[in-house]
Amino acid sequence: MIAGDGIGPMAPVDQASGGAPKGNAQRIAALLVSLIGFGIAAETLYATGFGLFYPIEQRAGIILASIVLVIFLAYTPRGRLPQSRIARIARAVIDVALIVGAVWSIWHFTVVQTVMENTIHELGDVDVIATAVGVAVLLELTRRVWGWTLFLVSAICCLYIIFGAGLPGILGHSGFSPDQLAENIWFNLNKGVFGTITNIVINIVLVFILFGVMLEGTGAGETLLKFSFRATRRTRGGPAHAAIVASSMFGTMSGSTVANIVGTGTFTIPLIKSRGFSPAFAGGIEATASSGGQIMPPIMGAAALVMADIAGVSYLFVIAAALLPAIFYYVSLFIGVTVEARRQGIEPITDPGAYELEAADYWRSVMFVGPVLAVVLALVVGFSPAMAGFIALIVLSVVSFINPKIRRDPFRLIRSMIKGAITCAELMISVAAIGLIVAVLDTTGLGLKFAGLIEHLGSQDLFLSLLVAMGGALILGMGMPTLPAYLIIILIMGPAIKLLGLSTLTVHLFVFYYGVASSLTPPVAIAAYAAAPIAGANPITTALMSIRLGAAKFIIPFVFAYYPSLLLVERFDMAEFAWIIVRLLIAIWLISTALSGFDRVRLTSWMVALRLVLAMLMLVTLWQVQIPALLAGIAVIYIHWREGRMWPANSGLR
């Protein structure tokens, strides 16, 4: 996690200062975090498996427990800590005041909502004060946990709704009274901090967040890595290809790009470097593969669950549509690694005993295969996504005892559950902040104005409109984890893109891809910043390498926007489907080799430019352009392949 506190990065109590908690205060805080975290996990399991709580109590209770208590107790600053006793006391007083203010404002929300159910309630000064206090605490917690990006977006939205009436053009709005602000931002179950987005995440997503963290804690990730290394041992990329396989499978379940990088990259990145790849390449391929896990069915980092709910389509419908684009993305990564290995003269491992699996490894594979199958089967049978997550957690808890470490220490499951609850708390902060942003956009009408602007562009040129939407999505998603990035982008950009004539599911997948891609794009590039220290590389260099390797992620959304047959469930036409499959495969090869500057032979600048142009031309919608570009592309590939065989001395950078 990339986070900031203004005075230094944040860390849980048990990791602060690089070790176990010290002092009575820290020990008490750690104990309270464990108890509250276990309570959050238990409440999530009960709500998904046995029955929902009363909405007002559930939303306020989760917000209170996860955001206020857990974050204030579990997170302590490290870095430039206050040195004087007075400074430490002042900080403690501020934290206590924030906790008290948050508890009061959330409690006041439940009181007002209960009154509103039975009678008409006119919001007054006390309600406005409760809103101001609650929003102030939320902004501070957002800054502490998620850093400045999401904080600034949320803060600017607050300033905009208060002072934006005097702005010119489409930015101006009619202005709102304090009680109207309170009603739309705080005391509202449809939008705002306690609105629909919060409800969806609490009732559907949190159980999958627990599932992803517990999957890592049970040791399933280690076994998954072993199988990935074994499966790719004969490829040129070796560990780099293993990182792609492991990250795609682990990433779809973890729900966090950074957690995926840390969980798998610690093992894969040193091995990738040992095979002869550069540190930037090792970090870049791990960052790209880990971010891609969020677009890989069946779970897609829990975003598929939210997407199905918001888009109003079946969950199985979503994962079926997302399957082929994700496969093409990972095919492009495999090609990129293979081309780079050839460029550097790296040969496959010939040792037949490399990465040998033991009999126990096959048994332990049940720990990640069983829960994923449980999710899919539960959905096929007809259970809700929340119930499917609950069943997967139960299956995981049972099969985890295959691991001897769990049998020796069963409380490892409890600790993983508590860790998952803290992750849920972190996520809920970002979700609450996004609820605030949604309330501002809806109340001021800015979202609709922006949609009208995009529609106007689209009436002139669809490609230009999609290009603008892509840029906006990349900017809005920078510095945010996958799920919050997707939510804020779809709520701002979604209505605008839908006006261009695209289907609802296509719109959601389009913005989701760029929400994921935003983790790779400088200057923020949180995936690259997480992978670079492990690889010992420069973060910006790693980010640029990630973009080069993951270029397909920026192209594929345009392809399925113009050719919806690629999604399988959207206006499917077999002839169009087969034709775009062929062209897309060849285009990906041309793009990957062009960006690597190598394809059997070293490519000159004009060869690189020619390949990129041909790849783009064969994806346009005019067959008069597609066919000549495709034939020319095949000819270029054949010529360089033949040249590489005839003159091997030119086939590397030796």
# chains A, B, ... in the order shown; residues from 1 in each chain; ligands from 1
>>> residues_around(residues="Met618 in chain A", least_positions_apart="4", cutoff="6 Å", atoms="only C-alpha atoms", output="PyMOL selection string")
chain A and resi 626+629-630
>>> write_last_selection(atoms="N, CA, C and O atoms", output="short mmCIF file (atom, residue, chain, number, x, y, z; two decimals), in the first residue's frame")
data_model
loop_
_atom_site.label_atom_id
_atom_site.label_comp_id
_atom_site.auth_asym_id
_atom_site.auth_seq_id
_atom_site.Cartn_x
_atom_site.Cartn_y
_atom_site.Cartn_z
N GLN A 626 -8.13 -2.77 -43.44
CA GLN A 626 -7.76 -3.94 -42.64
C GLN A 626 -6.95 -4.96 -43.45
O GLN A 626 -5.88 -5.40 -43.01
N ALA A 629 -3.39 -3.93 -44.58
CA ALA A 629 -2.53 -3.80 -43.39
C ALA A 629 -2.18 -5.18 -42.84
O ALA A 629 -1.04 -5.42 -42.42
N LEU A 630 -3.16 -6.09 -42.80
CA LEU A 630 -2.92 -7.44 -42.30
C LEU A 630 -1.90 -8.17 -43.17
O LEU A 630 -0.96 -8.80 -42.66
#
>>> select_by_dssp(residues="range 342-563 of chain A", states="helix (DSSP H, G or I)", output="ChimeraX atom specification")
/A:342-343,359-364,366-381,385-402,404-408,411-444,446-460,462-477,482-498,504-517,526-535,539-549,552-562
>>> residues_around(residues="range 517-526 of chain A", least_positions_apart="6", cutoff="10 Å", atoms="only C-alpha atoms", output="PyMOL selection string")
chain A and resi 1-3+149+257-258+284+287-288+291-292+470-471+473-482+485+511+532+539-547+550-551+553-554
>>> residues_around(residues="Leu584 in chain A", least_positions_apart="6", cutoff="12 Å", atoms="only C-alpha atoms", output="PyMOL selection string")
chain A and resi 324-325+327-329+331-332+552+555-560+563+566+576-578+590-592+614-620+626+630+633
>>> write_last_selection(atoms="N, CA, C and O atoms", output="tab-separated table (two decimals), in the first residue's frame")
chain	number	residue	atom	x	y	z
A	324	LEU	N	-12.07	-13.11	-22.59
A	324	LEU	CA	-11.17	-13.02	-23.76
A	324	LEU	C	-10.26	-11.80	-23.73
A	324	LEU	O	-9.06	-11.91	-24.03
A	325	PRO	N	-10.77	-10.59	-23.40
A	325	PRO	CA	-9.84	-9.45	-23.30
A	325	PRO	C	-8.71	-9.70	-22.30
A	325	PRO	O	-7.56	-9.33	-22.57
A	327	ILE	N	-7.44	-12.65	-21.46
A	327	ILE	CA	-6.53	-13.63	-22.05
A	327	ILE	C	-5.61	-12.96	-23.07
A	327	ILE	O	-4.40	-13.22	-23.10
A	328	PHE	N	-6.15	-12.10	-23.91
A	328	PHE	CA	-5.32	-11.40	-24.88
A	328	PHE	C	-4.28	-10.53	-24.19
A	328	PHE	O	-3.14	-10.41	-24.66
A	329	TYR	N	-4.66	-9.93	-23.08
A	329	TYR	CA	-3.71	-9.10	-22.34
A	329	TYR	C	-2.54	-9.95	-21.85
A	329	TYR	O	-1.36	-9.56	-22.01
A	331	VAL	N	-1.59	-12.86	-23.02
A	331	VAL	CA	-0.84	-13.32	-24.19
A	331	VAL	C	0.19	-12.26	-24.59
A	331	VAL	O	1.34	-12.58	-24.92
A	332	SER	N	-0.21	-11.00	-24.55
A	332	SER	CA	0.74	-9.92	-24.90
A	332	SER	C	1.91	-9.88	-23.92
A	332	SER	O	3.05	-9.62	-24.33
A	552	ALA	N	-0.85	-3.52	-24.43
A	552	ALA	CA	-2.12	-4.09	-24.89
A	552	ALA	C	-3.29	-3.63	-24.02
A	552	ALA	O	-4.43	-3.54	-24.49
A	555	ILE	N	-4.93	-0.72	-25.48
A	555	ILE	CA	-5.50	-0.89	-26.82
A	555	ILE	C	-6.76	-1.74	-26.80
A	555	ILE	O	-7.74	-1.45	-27.51
A	556	ILE	N	-6.77	-2.79	-26.00
A	556	ILE	CA	-7.87	-3.76	-26.00
A	556	ILE	C	-9.23	-3.11	-25.74
A	556	ILE	O	-10.22	-3.49	-26.38
A	557	PRO	N	-9.37	-2.14	-24.81
A	557	PRO	CA	-10.69	-1.52	-24.61
A	557	PRO	C	-11.25	-0.88	-25.88
A	557	PRO	O	-12.46	-0.94	-26.12
A	558	PHE	N	-10.39	-0.25	-26.68
A	558	PHE	CA	-10.86	0.32	-27.94
A	558	PHE	C	-11.34	-0.79	-28.88
A	558	PHE	O	-12.31	-0.61	-29.61
A	559	VAL	N	-10.65	-1.93	-28.83
A	559	VAL	CA	-11.01	-3.03	-29.72
A	559	VAL	C	-12.40	-3.56	-29.39
A	559	VAL	O	-13.25	-3.71	-30.27
A	560	PHE	N	-12.67	-3.83	-28.09
A	560	PHE	CA	-14.01	-4.37	-27.79
A	560	PHE	C	-15.09	-3.29	-27.82
A	560	PHE	O	-16.28	-3.60	-27.88
A	563	TYR	N	-15.59	-3.60	-31.59
A	563	TYR	CA	-15.92	-4.98	-31.98
A	563	TYR	C	-16.47	-5.72	-30.75
A	563	TYR	O	-15.76	-6.51	-30.11
A	566	LEU	N	-16.02	-9.46	-29.31
A	566	LEU	CA	-14.90	-9.93	-28.49
A	566	LEU	C	-15.33	-10.21	-27.06
A	566	LEU	O	-14.70	-10.99	-26.35
A	576	GLU	N	-17.45	-11.78	-37.50
A	576	GLU	CA	-16.70	-10.65	-36.93
A	576	GLU	C	-15.76	-11.12	-35.84
A	576	GLU	O	-14.61	-10.66	-35.74
A	577	PHE	N	-16.23	-12.06	-35.01
A	577	PHE	CA	-15.42	-12.58	-33.91
A	577	PHE	C	-14.14	-13.22	-34.43
A	577	PHE	O	-13.04	-12.91	-33.96
A	578	ALA	N	-14.26	-14.13	-35.40
A	578	ALA	CA	-13.09	-14.82	-35.94
A	578	ALA	C	-12.12	-13.84	-36.60
A	578	ALA	O	-10.89	-13.94	-36.44
A	590	LEU	N	2.94	-7.51	-33.39
A	590	LEU	CA	3.63	-6.38	-34.00
A	590	LEU	C	3.95	-5.29	-32.97
A	590	LEU	O	5.05	-4.73	-32.95
A	591	ILE	N	2.99	-5.01	-32.09
A	591	ILE	CA	3.19	-3.95	-31.08
A	591	ILE	C	4.25	-4.38	-30.07
A	591	ILE	O	5.15	-3.60	-29.72
A	592	SER	N	4.18	-5.62	-29.59
A	592	SER	CA	5.13	-6.09	-28.59
A	592	SER	C	6.56	-6.10	-29.14
A	592	SER	O	7.50	-5.67	-28.46
A	614	LEU	N	1.10	-0.41	-38.91
A	614	LEU	CA	0.36	-1.55	-39.47
A	614	LEU	C	-0.57	-2.16	-38.42
A	614	LEU	O	-1.70	-2.55	-38.72
A	615	ALA	N	-0.09	-2.26	-37.18
A	615	ALA	CA	-0.92	-2.82	-36.10
A	615	ALA	C	-2.17	-1.98	-35.89
A	615	ALA	O	-3.27	-2.51	-35.70
A	616	MET	N	-2.03	-0.66	-35.90
A	616	MET	CA	-3.18	0.21	-35.71
A	616	MET	C	-4.13	0.13	-36.91
A	616	MET	O	-5.35	0.08	-36.74
A	617	LEU	N	-3.58	0.10	-38.11
A	617	LEU	CA	-4.42	0.08	-39.31
A	617	LEU	C	-5.23	-1.19	-39.43
A	617	LEU	O	-6.38	-1.16	-39.88
A	618	MET	N	-4.68	-2.33	-39.01
A	618	MET	CA	-5.43	-3.58	-39.15
A	618	MET	C	-6.56	-3.70	-38.13
A	618	MET	O	-7.37	-4.62	-38.19
A	619	LEU	N	-6.64	-2.75	-37.19
A	619	LEU	CA	-7.72	-2.77	-36.20
A	619	LEU	C	-8.83	-1.76	-36.51
A	619	LEU	O	-9.82	-1.72	-35.79
A	620	VAL	N	-8.66	-0.97	-37.56
A	620	VAL	CA	-9.71	-0.01	-37.91
A	620	VAL	C	-10.91	-0.75	-38.48
A	620	VAL	O	-10.84	-1.94	-38.79
A	626	GLN	N	-8.13	-2.77	-43.44
A	626	GLN	CA	-7.76	-3.94	-42.64
A	626	GLN	C	-6.95	-4.96	-43.45
A	626	GLN	O	-5.88	-5.40	-43.01
A	630	LEU	N	-3.16	-6.09	-42.80
A	630	LEU	CA	-2.92	-7.44	-42.30
A	630	LEU	C	-1.90	-8.17	-43.17
A	630	LEU	O	-0.96	-8.80	-42.66
A	633	GLY	N	1.48	-6.70	-42.61
A	633	GLY	CA	2.00	-7.10	-41.31
A	633	GLY	C	2.55	-8.51	-41.33
A	633	GLY	O	3.64	-8.78	-40.78
>>> residues_around(residues="range 568-571 of chain A", least_positions_apart="3", cutoff="6 Å", atoms="only C-alpha atoms", output="list in words")
Ala321, Pro564 and Ser565 of chain A
>>> residues_around(residues="Ala308 in chain A", least_positions_apart="3", cutoff="12 Å", atoms="only C-alpha atoms", output="ChimeraX atom specification")
/A:200,204-205,299-300,302-305,311-322,384-385,504-505,508-509
>>> residues_around(residues="range 226-232 of chain A", least_positions_apart="5", cutoff="6 Å", atoms="only C-alpha atoms", output="CSV table (one decimal) with all heavy atoms, in the first residue's frame")
chain,number,residue,atom,x,y,z
A,238,GLY,N,11.0,-18.1,-18.2
A,238,GLY,CA,11.2,-18.8,-16.9
A,238,GLY,C,10.4,-18.1,-15.8
A,238,GLY,O,9.2,-18.0,-15.8
A,242,ALA,N,6.5,-17.2,-15.0
A,242,ALA,CA,5.9,-17.7,-13.8
A,242,ALA,C,5.2,-16.6,-13.1
A,242,ALA,O,4.1,-16.8,-12.5
A,242,ALA,CB,6.9,-18.4,-12.9
A,245,VAL,N,1.8,-15.9,-14.7
A,245,VAL,CA,0.8,-16.9,-14.3
A,245,VAL,C,0.4,-16.8,-12.9
A,245,VAL,O,-0.8,-16.7,-12.6
A,245,VAL,CB,1.4,-18.4,-14.5
A,245,VAL,CG1,0.4,-19.4,-14.1
A,245,VAL,CG2,1.7,-18.6,-16.0
A,246,ALA,N,1.3,-16.7,-12.0
A,246,ALA,CA,1.0,-16.6,-10.6
A,246,ALA,C,0.2,-15.3,-10.3
A,246,ALA,O,-0.8,-15.3,-9.5
A,246,ALA,CB,2.2,-16.6,-9.7
A,355,TYR,N,12.6,-26.9,-10.5
A,355,TYR,CA,11.3,-26.6,-9.9
A,355,TYR,C,10.4,-27.9,-9.7
A,355,TYR,O,9.3,-27.9,-10.0
A,355,TYR,CB,10.5,-25.5,-10.7
A,355,TYR,CG,11.3,-24.3,-10.9
A,355,TYR,CD1,11.7,-23.9,-12.2
A,355,TYR,CD2,11.7,-23.5,-9.8
A,355,TYR,CE1,12.4,-22.7,-12.4
A,355,TYR,CE2,12.5,-22.3,-10.1
A,355,TYR,CZ,12.8,-21.9,-11.3
A,355,TYR,OH,13.5,-20.8,-11.6
>>> closest_residue(among="A:Val438, A:Val613, A:Ala378, A:Ala359", to="Trp186 in chain A", atoms="only C-alpha atoms")
A:Val438
>>> atom_distance(atom1="CA of Glu117 in chain A", atom2="CA of Lys191 in chain A")
16.9 Å
